[in-house]
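upload_29.pdb, holding PDB, C-alpha atoms:
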ATOM      1  CA  GLN L1270      -4.733  -6.735 -17.189
ATOM      2  CA  VAL L1271      -4.992  -5.308 -13.690
ATOM      3  CA  ARG L1272      -7.728  -2.753 -13.075
ATOM      4  CA  LEU L1273      -7.510  -0.431 -10.107
ATOM      5  CA  GLU L1274     -10.401   1.446  -8.546
ATOM      6  CA  GLU L1275      -9.587   4.186  -6.066
ATOM      7  CA  SER L1276     -11.734   5.990  -3.560
ATOM      8  CA  GLY L1277     -11.504   8.078  -0.433
ATOM      9  CA  GLY L1278     -10.161  11.441  -1.509
ATOM     10  CA  GLY L1279     -11.651  14.709  -0.375
ATOM     11  CA  SER L1280     -11.016  17.942   1.461
ATOM     12  CA  VAL L1281      -9.666  18.208   4.966
ATOM     13  CA  GLN L1282      -8.115  20.833   7.182
ATOM     14  CA  ALA L1283      -4.456  20.759   8.063
ATOM     15  CA  GLY L1284      -3.751  18.284  10.836
ATOM     16  CA  GLY L1285      -6.597  16.033   9.781
ATOM     17  CA  SER L1286      -6.639  12.536   8.339
ATOM     18  CA  LEU L1287      -7.917  10.734   5.280
ATOM     19  CA  ARG L1288      -7.838   7.136   4.169
ATOM     20  CA  LEU L1289      -7.602   6.207   0.514
ATOM     21  CA  SER L1290      -8.622   2.815  -0.827
ATOM     22  CA  CYS L1291      -7.520   0.941  -3.924
ATOM     23  CA  ALA L1292      -9.277  -2.192  -5.104
ATOM     24  CA  PRO L1293      -7.444  -4.162  -7.786
ATOM     25  CA  SER L1294      -9.090  -6.757  -9.997
ATOM     26  CA  GLY L1295      -7.911  -9.048 -12.736
ATOM     27  CA  TRP L1296      -4.978 -10.541 -10.848
ATOM     28  CA  THR L1297      -4.322 -12.357  -7.606
ATOM     29  CA  PHE L1298      -4.307  -9.674  -4.919
ATOM     30  CA  THR L1299      -1.438 -11.194  -2.945
ATOM     31  CA  ARG L1300       0.860 -11.351  -5.970
ATOM     32  CA  LEU L1301       1.212  -7.671  -6.718
ATOM     33  CA  CYS L1302       3.611  -4.897  -6.015
ATOM     34  CA  MET L1303       1.265  -2.031  -5.185
ATOM     35  CA  ALA L1304       2.182   1.578  -4.633
ATOM     36  CA  TRP L1305       0.789   4.995  -3.957
ATOM     37  CA  PHE L1306       1.867   8.070  -5.861
ATOM     38  CA  ARG L1307       0.815  11.688  -5.902
ATOM     39  CA  GLN L1308       1.086  14.476  -8.390
ATOM     40  CA  VAL L1309       0.469  18.201  -8.484
ATOM     41  CA  PRO L1310       0.090  20.079 -11.762
ATOM     42  CA  GLY L1311       3.419  20.895 -13.328
ATOM     43  CA  LYS L1312       5.417  18.460 -11.219
ATOM     44  CA  GLU L1313       6.594  14.891 -11.574
ATOM     45  CA  ARG L1314       4.539  12.067 -10.132
ATOM     46  CA  GLU L1315       6.029  11.336  -6.718
ATOM     47  CA  GLY L1316       6.239   7.870  -5.187
ATOM     48  CA  ILE L1317       4.923   7.731  -1.630
ATOM     49  CA  GLY L1318       5.400   4.083  -0.747
ATOM     50  CA  GLN L1319       4.860   0.557  -1.891
ATOM     51  CA  VAL L1320       4.272  -2.963  -0.663
ATOM     52  CA  TYR L1321       4.452  -6.442  -2.071
ATOM     53  CA  THR L1322       1.026  -7.752  -1.140
ATOM     54  CA  GLY L1323       2.354 -11.282  -0.688
ATOM     55  CA  GLY L1324       3.631 -10.430   2.762
ATOM     56  CA  GLU L1325       6.464  -7.914   2.810
ATOM     57  CA  MET L1326       6.560  -4.738   4.868
ATOM     58  CA  ALA L1327       5.628  -1.501   3.188
ATOM     59  CA  ARG L1328       8.415   0.940   2.397
ATOM     60  CA  TYR L1329       8.076   4.677   2.150
ATOM     61  CA  ALA L1330       9.656   7.758   0.699
ATOM     62  CA  ASP L1331      11.583   9.821   3.235
ATOM     63  CA  SER L1332       9.428  12.856   2.440
ATOM     64  CA  ILE L1333       6.429  11.222   4.091
ATOM     65  CA  GLU L1334       8.156  11.450   7.480
ATOM     66  CA  GLY L1335       6.081   8.695   9.045
ATOM     67  CA  ARG L1336       2.714  10.391   8.531
ATOM     68  CA  PHE L1337       1.340   7.915   5.986
ATOM     69  CA  THR L1338       0.759   4.184   6.389
ATOM     70  CA  ILE L1339       0.064   1.559   3.748
ATOM     71  CA  SER L1340      -2.002  -1.433   4.790
ATOM     72  CA  GLN L1341      -4.004  -4.136   3.096
ATOM     73  CA  ASP L1342      -7.153  -6.158   3.620
ATOM     74  CA  ASN L1343      -6.567  -9.549   2.026
ATOM     75  CA  ALA L1344     -10.120 -10.727   2.677
ATOM     76  CA  ASN L1345     -11.571  -7.911   0.592
ATOM     77  CA  ASN L1346      -8.625  -7.294  -1.750
ATOM     78  CA  ILE L1347      -8.139  -3.659  -0.802
ATOM     79  CA  LEU L1348      -5.005  -1.589  -0.367
ATOM     80  CA  TYR L1349      -5.201   1.432   1.907
ATOM     81  CA  LEU L1350      -3.236   4.611   2.373
ATOM     82  CA  GLN L1351      -3.855   6.120   5.793
ATOM     83  CA  MET L1352      -2.769   9.755   5.826
ATOM     84  CA  ASP L1353      -2.414  11.519   9.157
ATOM     85  CA  ARG L1354      -1.270  14.996  10.173
ATOM     86  CA  LEU L1355      -2.015  16.226   6.701
ATOM     87  CA  GLU L1356      -0.408  19.440   5.537
ATOM     88  CA  PRO L1357      -1.364  21.842   2.729
ATOM     89  CA  ASP L1358       1.661  20.583   0.772
ATOM     90  CA  ASP L1359       0.005  17.158   0.676
ATOM     91  CA  THR L1360      -2.626  18.575  -1.676
ATOM     92  CA  ALA L1361      -2.380  16.525  -4.869
ATOM     93  CA  MET L1362      -3.999  13.926  -7.042
ATOM     94  CA  TYR L1363      -3.251  10.556  -5.503
ATOM     95  CA  TYR L1364      -2.821   7.433  -7.607
ATOM     96  CA  CYS L1365      -2.699   3.763  -6.868
ATOM     97  CA  ALA L1366      -0.435   1.636  -9.058
ATOM     98  CA  ALA L1367       0.244  -2.058  -9.472
ATOM     99  CA  GLU L1368       2.858  -4.251 -11.047
ATOM    100  CA  ARG L1369       2.759  -8.028 -11.484
ATOM    101  CA  ARG L1370       6.518  -8.552 -11.607
ATOM    102  CA  GLY L1371       7.231  -7.572  -8.011
ATOM    103  CA  CYS L1372       8.656  -4.515  -6.323
ATOM    104  CA  VAL L1373      11.876  -3.323  -7.893
ATOM    105  CA  ARG L1374      13.213  -0.706  -5.465
ATOM    106  CA  ARG L1375      12.550   0.777  -2.025
ATOM    107  CA  VAL L1376      10.806   3.935  -3.223
ATOM    108  CA  PRO L1377       8.458   3.449  -6.160
ATOM    109  CA  GLU L1378       9.105   5.143  -9.453
ATOM    110  CA  ARG L1379       6.513   5.741 -12.123
ATOM    111  CA  ALA L1380       8.327   3.682 -14.758
ATOM    112  CA  ASP L1381       8.171   0.580 -12.561
ATOM    113  CA  PHE L1382       4.391   0.253 -12.807
ATOM    114  CA  ASP L1383       2.178  -0.816 -15.684
ATOM    115  CA  PHE L1384      -1.250  -0.404 -14.121
ATOM    116  CA  TRP L1385      -2.793   2.754 -12.681
ATOM    117  CA  GLY L1386      -5.949   3.908 -11.004
ATOM    118  CA  GLN L1387      -7.868   6.934 -12.168
ATOM    119  CA  GLY L1388      -6.647   9.097  -9.308
ATOM    120  CA  THR L1389      -8.425  10.700  -6.392
ATOM    121  CA  GLN L1390      -8.025  14.321  -5.336
ATOM    122  CA  VAL L1391      -6.855  15.226  -1.841
ATOM    123  CA  THR L1392      -7.089  18.877  -0.806
ATOM    124  CA  VAL L1393      -5.697  20.093   2.506
ATOM    125  CA  SER L1394      -6.573  23.594   3.619
ATOM    126  CA  SER L1395      -4.643  25.643   6.147
TER     127      SER L1395
END
Take the structure in the file and write it out as structure tokens.
Amino acid sequence: QVRLEESGGGSVQAGGSLRLSCAPSGWTFTRLCMAWFRQVPGKEREGIGQVYTGGEMARYADSIEGRFTISQDNANNILYLQMDRLEPDDTAMYYCAAERRGCVRRVPERADFDFWGQGTQVTVSS
């Protein structure tokens, strides 16, 4: 079982930045496909990007348009999502996800992941 603990959400004005953190436990950190998703009420959970923590480059959804960056701290077993130039449409609940079998496709889909964090709210005001 992989447990995921998220932190770092909050409120910010448009144009600002936030960094989300996800700390997995219960599995070797560098042997996970890890992803970030977001969801607004009434809509499907949207994949933002993912990375295989064993050393592959992160890949992102086109909708992010280069504003978000996934990185990892192997010493402390933390995955980050750096979000810059935030827009009101980025307001959502953000989730970290993990999968032990590896990354399946370029843009993560909800069905690909077995383990989820509790979510952290990001609110961007105009």
Would you give me, as a tab-separated table, each residue of stretch 1332-1385 of chain L having an atom within 7 Å of an atom of stretch 1297-1310 of chain L, along with its shortest atom pair and that distance in Å to one decimal, using all atoms listed in the file and sorting by chain and residue number?
residue	atom	partner	partner_atom	distance
L:Asn1346	CA	L:Phe1298	CA	5.9
L:Ala1361	CA	L:Val1309	CA	4.9
L:Met1362	CA	L:Gln1308	CA	5.3
L:Tyr1363	CA	L:Arg1307	CA	4.2
L:Tyr1364	CA	L:Phe1306	CA	5.0
L:Cys1365	CA	L:Trp1305	CA	4.7
L:Ala1366	CA	L:Ala1304	CA	5.1
L:Ala1367	CA	L:Met1303	CA	4.4
L:Glu1368	CA	L:Cys1302	CA	5.1
L:Arg1369	CA	L:Leu1301	CA	5.0
L:Gly1371	CA	L:Cys1302	CA	4.9
L:Cys1372	CA	L:Cys1302	CA	5.1
L:Pro1377	CA	L:Ala1304	CA	6.7
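The residue that comes closest to L:Asp1342, out of L:Gly1284, L:Pro1293, L:Gly1279, L:Gly1316 and on the basis of only C-alpha atoms, is L:Pro1293.
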Evaluate the PyMOL selection byres ((chain L and resi 1328-1338) around 8) against this structure - the residues, as a PDB file with C-alpha atoms, keeping the file's coordinate frame, please.
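Final output, saved to expr_15.pdb:
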ATOM      1  CA  GLY L1316       6.239   7.870  -5.187  1.00  0.00           C
ATOM      2  CA  ILE L1317       4.923   7.731  -1.630  1.00  0.00           C
ATOM      3  CA  GLY L1318       5.400   4.083  -0.747  1.00  0.00           C
ATOM      4  CA  GLN L1319       4.860   0.557  -1.891  1.00  0.00           C
ATOM      5  CA  VAL L1320       4.272  -2.963  -0.663  1.00  0.00           C
ATOM      6  CA  MET L1326       6.560  -4.738   4.868  1.00  0.00           C
ATOM      7  CA  ALA L1327       5.628  -1.501   3.188  1.00  0.00           C
ATOM      8  CA  ILE L1339       0.064   1.559   3.748  1.00  0.00           C
ATOM      9  CA  SER L1340      -2.002  -1.433   4.790  1.00  0.00           C
ATOM     10  CA  TYR L1349      -5.201   1.432   1.907  1.00  0.00           C
ATOM     11  CA  LEU L1350      -3.236   4.611   2.373  1.00  0.00           C
ATOM     12  CA  GLN L1351      -3.855   6.120   5.793  1.00  0.00           C
ATOM     13  CA  MET L1352      -2.769   9.755   5.826  1.00  0.00           C
ATOM     14  CA  ASP L1353      -2.414  11.519   9.157  1.00  0.00           C
ATOM     15  CA  ARG L1354      -1.270  14.996  10.173  1.00  0.00           C
ATOM     16  CA  LEU L1355      -2.015  16.226   6.701  1.00  0.00           C
ATOM     17  CA  ARG L1375      12.550   0.777  -2.025  1.00  0.00           C
ATOM     18  CA  VAL L1376      10.806   3.935  -3.223  1.00  0.00           C
TER      19      VAL L1376
END
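The gap separating atom CA of L:Glu1274 from atom CA of L:Trp1385 is 8.8 Å, in Å to one decimal.
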(message) Quick check, in Å to one decimal: how far apart do atom CA of L:Thr1322 and atom CA of L:Asp1358 lie?
(response) 28.4 Å
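For the choices L:Pro1357, L:Ser1280, L:Arg1379, L:Gly1323, the atom-to-atom distance to L:Ser1395 is smallest for L:Pro1357 when using only C-alpha atoms.
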